[in-house]
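Just below is one structure, and these are the notes that go with it.
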Amino acid sequence: MVKLRKVVPRGVSDIFVKAEYLNPSGSLKDRIALEMIRDAEARGDLKPGYTIIEASTGNTGTALSFVGTQLGYKVEIYMPEGMTPERIRIMESYGAKVHQVKLEGSIEGSVAGAEVEIDTRVKCLEVERSTPRTWWARQFSNPSNTKAHIKTGREILEQLDGKVDAFVASIGVGGTLYGVAKALRERLPDALIVGAEPASAQYPLSEGYTRVPGTGDDVCGGIIEEMLNSGMVDRVEKVGNREAIAMSDRLVREEGLFCGISSGANVHLAVEVARQLGPGRNVVTVLPDHRDRYLSEKKYTT
Ligand SMILES: Cc1ncc(COP(=O)(O)O)c(C=O)c1O
């Protein structure tokens, strides 16, 4: 946990960031990869000799590649076309096989979000149904995802001696925000919980969408729907790509934190919340992933 010094204006709340990009495979998804695999083994859904599959824009695929291959499983990741080549190479370095899936829609401008993953989830469903000894991790609806982040939330409480006034996180499949919110609300019923989504999201959660229209429970809904129906999230705010990139550059250059673009989105929104709450309060967020996976993309720097 790091207290930000330079990017926080005077006269606002303190902002603390949990540097999840320092996890072994470079993102907060290491937590859910281990939790999902161990729970599936305990249930008997995942057995020696099985292949783990997942739909991922990068981080969950990388984390499953890391944890899965260490535990002796084959790992195959279905990734939307057009992601940076580093992400594919990182997964292949761990020994995973990467399939690139052609997308129906555009992913330009997205930080995270369900619409970019639907086509790859459909692919995973087909593979799971047609291939024996295959286990699809299903991060978007797997309760072990939220369970892993309840632990993240408890760590945050411990690291800040229970003094948390607000938690902010960008929403991909929702596990981080929902899990941390559950942990905080056990002890702090008044803690403010704010989600971030890309301003370019095609089906914005902040405008009432809880899933991509026309999709069923097999490929959509899941954690996001449960979280939004739970009433635990006070609000979801849009963050523009430009703001997210600008803040991630400031985090690297001014704070020395070598984190990715959604980290910039999270801190950009955390500063807004810190302004609203004023001094003497603690606003917490996460730095979800490492900048190594964006380096070939010129557009990801100011
Ligand atoms: C870079 C990055 N930031 C944030 C998130 C959001 O995390 P979650 O899926 O737990 O909502 C993700 C995951 O989708 C991600 O890959």
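Numbering starts fresh at 1 for the residues of each chain in the structure tokens, the chains themselves are lettered A, B, ... in the order given, and ligands are numbered from 1 as they appear.
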
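Neighbours of ligand 1 at a cut-off of 6 Å, computed so that only C-alpha atoms and all ligand atoms are counted, are the residues Asn59, Ala112, Ser170, Ile171, Gly172, Val173, Gly174, Gly175, Thr176, Ser262, Pro288 and Asp289 of chain A.
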
File dump, residues just selected, C-alpha atoms, as a PDB file, in the first residue's frame:
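Output contents, as saved in again-v9.pdb:
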```
ATOM      1  CA  ASN A  59      -4.357 -10.130 -17.262  1.00  0.00           C
ATOM      2  CA  ALA A 112     -11.981  -2.853 -19.664  1.00  0.00           C
ATOM      3  CA  SER A 170     -12.482   0.271 -12.424  1.00  0.00           C
ATOM      4  CA  ILE A 171     -14.870  -2.488 -13.390  1.00  0.00           C
ATOM      5  CA  GLY A 172     -13.821  -5.236 -15.769  1.00  0.00           C
ATOM      6  CA  VAL A 173     -15.765  -8.294 -14.674  1.00  0.00           C
ATOM      7  CA  GLY A 174     -16.438  -6.631 -11.310  1.00  0.00           C
ATOM      8  CA  GLY A 175     -14.632  -9.001  -8.929  1.00  0.00           C
ATOM      9  CA  THR A 176     -12.328  -6.365  -7.468  1.00  0.00           C
ATOM     10  CA  SER A 262      -6.619   1.395 -15.613  1.00  0.00           C
ATOM     11  CA  PRO A 288      -4.382  -3.289 -11.278  1.00  0.00           C
ATOM     12  CA  ASP A 289      -1.580  -4.070 -13.708  1.00  0.00           C
TER      13      ASP A 289
END
```

Looking only at alpha helix (DSSP H) from DSSP on the backbone, list the matching residues of region 52-82 of chain A as a list in words.
Asn59, Thr60, Gly61, Thr62, Ala63, Leu64, Ser65, Phe66, Val67, Gly68, Thr69 and Gln70 of chain A

I need the chosen residues saved as an mmCIF file, in the first residue's frame, with N, CA and C atoms.
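See result.cif below for the written result:
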```
data_model
loop_
_atom_site.group_PDB
_atom_site.id
_atom_site.type_symbol
_atom_site.label_atom_id
_atom_site.label_comp_id
_atom_site.auth_asym_id
_atom_site.auth_seq_id
_atom_site.Cartn_x
_atom_site.Cartn_y
_atom_site.Cartn_z
ATOM 1 N N ASN A 59 -4.857 -9.873 -18.611
ATOM 2 C CA ASN A 59 -4.357 -10.130 -17.262
ATOM 3 C C ASN A 59 -4.806 -11.450 -16.658
ATOM 4 N N THR A 60 -6.080 -11.804 -16.815
ATOM 5 C CA THR A 60 -6.519 -13.082 -16.252
ATOM 6 C C THR A 60 -5.860 -14.230 -17.008
ATOM 7 N N GLY A 61 -5.704 -14.052 -18.328
ATOM 8 C CA GLY A 61 -5.016 -15.068 -19.128
ATOM 9 C C GLY A 61 -3.586 -15.258 -18.647
ATOM 10 N N THR A 62 -2.928 -14.158 -18.377
ATOM 11 C CA THR A 62 -1.539 -14.226 -17.898
ATOM 12 C C THR A 62 -1.481 -14.894 -16.524
ATOM 13 N N ALA A 63 -2.386 -14.501 -15.641
ATOM 14 C CA ALA A 63 -2.379 -15.058 -14.280
ATOM 15 C C ALA A 63 -2.695 -16.554 -14.293
ATOM 16 N N LEU A 64 -3.665 -16.955 -15.125
ATOM 17 C CA LEU A 64 -3.986 -18.388 -15.215
ATOM 18 C C LEU A 64 -2.829 -19.151 -15.857
ATOM 19 N N SER A 65 -2.142 -18.508 -16.813
ATOM 20 C CA SER A 65 -0.980 -19.151 -17.431
ATOM 21 C C SER A 65 0.090 -19.390 -16.370
ATOM 22 N N PHE A 66 0.312 -18.375 -15.559
ATOM 23 C CA PHE A 66 1.316 -18.468 -14.481
ATOM 24 C C PHE A 66 0.937 -19.550 -13.459
ATOM 25 N N VAL A 67 -0.242 -19.432 -12.871
ATOM 26 C CA VAL A 67 -0.615 -20.370 -11.800
ATOM 27 C C VAL A 67 -0.888 -21.770 -12.380
ATOM 28 N N GLY A 68 -1.595 -21.803 -13.502
ATOM 29 C CA GLY A 68 -2.003 -23.090 -14.095
ATOM 30 C C GLY A 68 -0.815 -23.948 -14.493
ATOM 31 N N THR A 69 0.145 -23.350 -15.192
ATOM 32 C CA THR A 69 1.289 -24.161 -15.633
ATOM 33 C C THR A 69 2.151 -24.585 -14.445
ATOM 34 N N GLN A 70 2.255 -23.729 -13.418
ATOM 35 C CA GLN A 70 3.020 -24.131 -12.219
ATOM 36 C C GLN A 70 2.406 -25.367 -11.579
#
```

Given the choices A:Ile88, A:Leu177, A:Met247, A:Ala148, which gets closest to Val7 (chain A) if the distance is worked out from only C-alpha atoms?
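Result for the nearest residue to Val7 (chain A): A:Met247.
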
Nearest to Leu160 (chain A): which of A:Ile37, A:Ile32, A:Val283, A:Ala196 is it, counting only C-alpha atoms?
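Smallest distance to Leu160 (chain A) is found for A:Val283.
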
Who sits within 10 Å of region 49-56 of chain A, only C-alpha atoms, same chain under 4 positions skipped, as a ChimeraX atom specification:
/A:37,45,60-62,64-65,68-69,72-80,96-99,101,116-125,127-128,131-140

Proximity check region 14-62 of chain A to region 142-147 of chain A, 10 Å, nearest pairs one decimal Å, only C-alpha atoms, as a Markdown table:
```
| residue | atom | partner | partner_atom | distance |
| --- | --- | --- | --- | --- |
| A:Lys29 | CA | A:Asn145 | CA | 8.9 |
| A:Arg31 | CA | A:Asn145 | CA | 8.1 |
| A:Ile32 | CA | A:Asn145 | CA | 5.0 |
| A:Ala33 | CA | A:Asn145 | CA | 8.0 |
| A:Leu34 | CA | A:Ser144 | CA | 9.2 |
| A:Glu35 | CA | A:Ser144 | CA | 5.8 |
| A:Met36 | CA | A:Ser144 | CA | 5.1 |
| A:Ile37 | CA | A:Ser144 | CA | 8.8 |
| A:Arg38 | CA | A:Ser144 | CA | 9.1 |
| A:Asp39 | CA | A:Ser144 | CA | 7.0 |
| A:Ala40 | CA | A:Ser144 | CA | 8.9 |
```

What is the distance between CA of Lys18 (chain A) and CA of Pro189 (chain A), in Å to one decimal?
21.3 Å

Can you list, as a VMD selection string, every protein, DNA or RNA residue that comes within 7 Å of region 263-273 of chain A when you count only C-alpha atoms, leaving out same-chain residues fewer than 4 positions away?
chain A and resid 8 168 to 170 196 239 243 to 245 247 to 248 259 277 283 285 to 288

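Between Asp161 (chain A) and the residues A:Lys182, A:Asn282, A:Glu255, A:Gly214, the shortest atom-to-atom distance, using only C-alpha atoms, involves A:Asn282.
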
For Ser206 (chain A), please output as a list in words all residues within 9 Å (counting only C-alpha atoms; exclusion window: fewer than 4 positions along the same chain).
Ala196, Glu197, Arg235, Val236, Glu237 and Lys238 of chain A

Next, dump the selected residues to file, keeping only C-alpha atoms, as a PDB file, in the first residue's frame.
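Writing done, so here's result23.pdb:
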```
ATOM      1  CA  ALA A 196     -15.097   3.428 -12.831  1.00  0.00           C
ATOM      2  CA  GLU A 197     -15.930   2.493 -16.406  1.00  0.00           C
ATOM      3  CA  ARG A 235     -22.211   4.985  -8.117  1.00  0.00           C
ATOM      4  CA  VAL A 236     -20.326   4.212 -11.330  1.00  0.00           C
ATOM      5  CA  GLU A 237     -18.478   7.087 -13.033  1.00  0.00           C
ATOM      6  CA  LYS A 238     -17.123   7.324 -16.565  1.00  0.00           C
TER       7      LYS A 238
END
```

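Minimum atom-to-atom distance to Glu41 (chain A), evaluated using only C-alpha atoms, belongs to A:Leu71 out of A:Leu188, A:Leu71, A:Asn229, A:Gly11.
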
Go through region 13-243 of chain A and collect every residue that DSSP, computed from the backbone, puts in strand (DSSP E or B); the answer should be as a PyMOL selection string.
chain A and resi 14-18+27+51-55+74-80+97-101+134-136+166-170+192-198+235-239
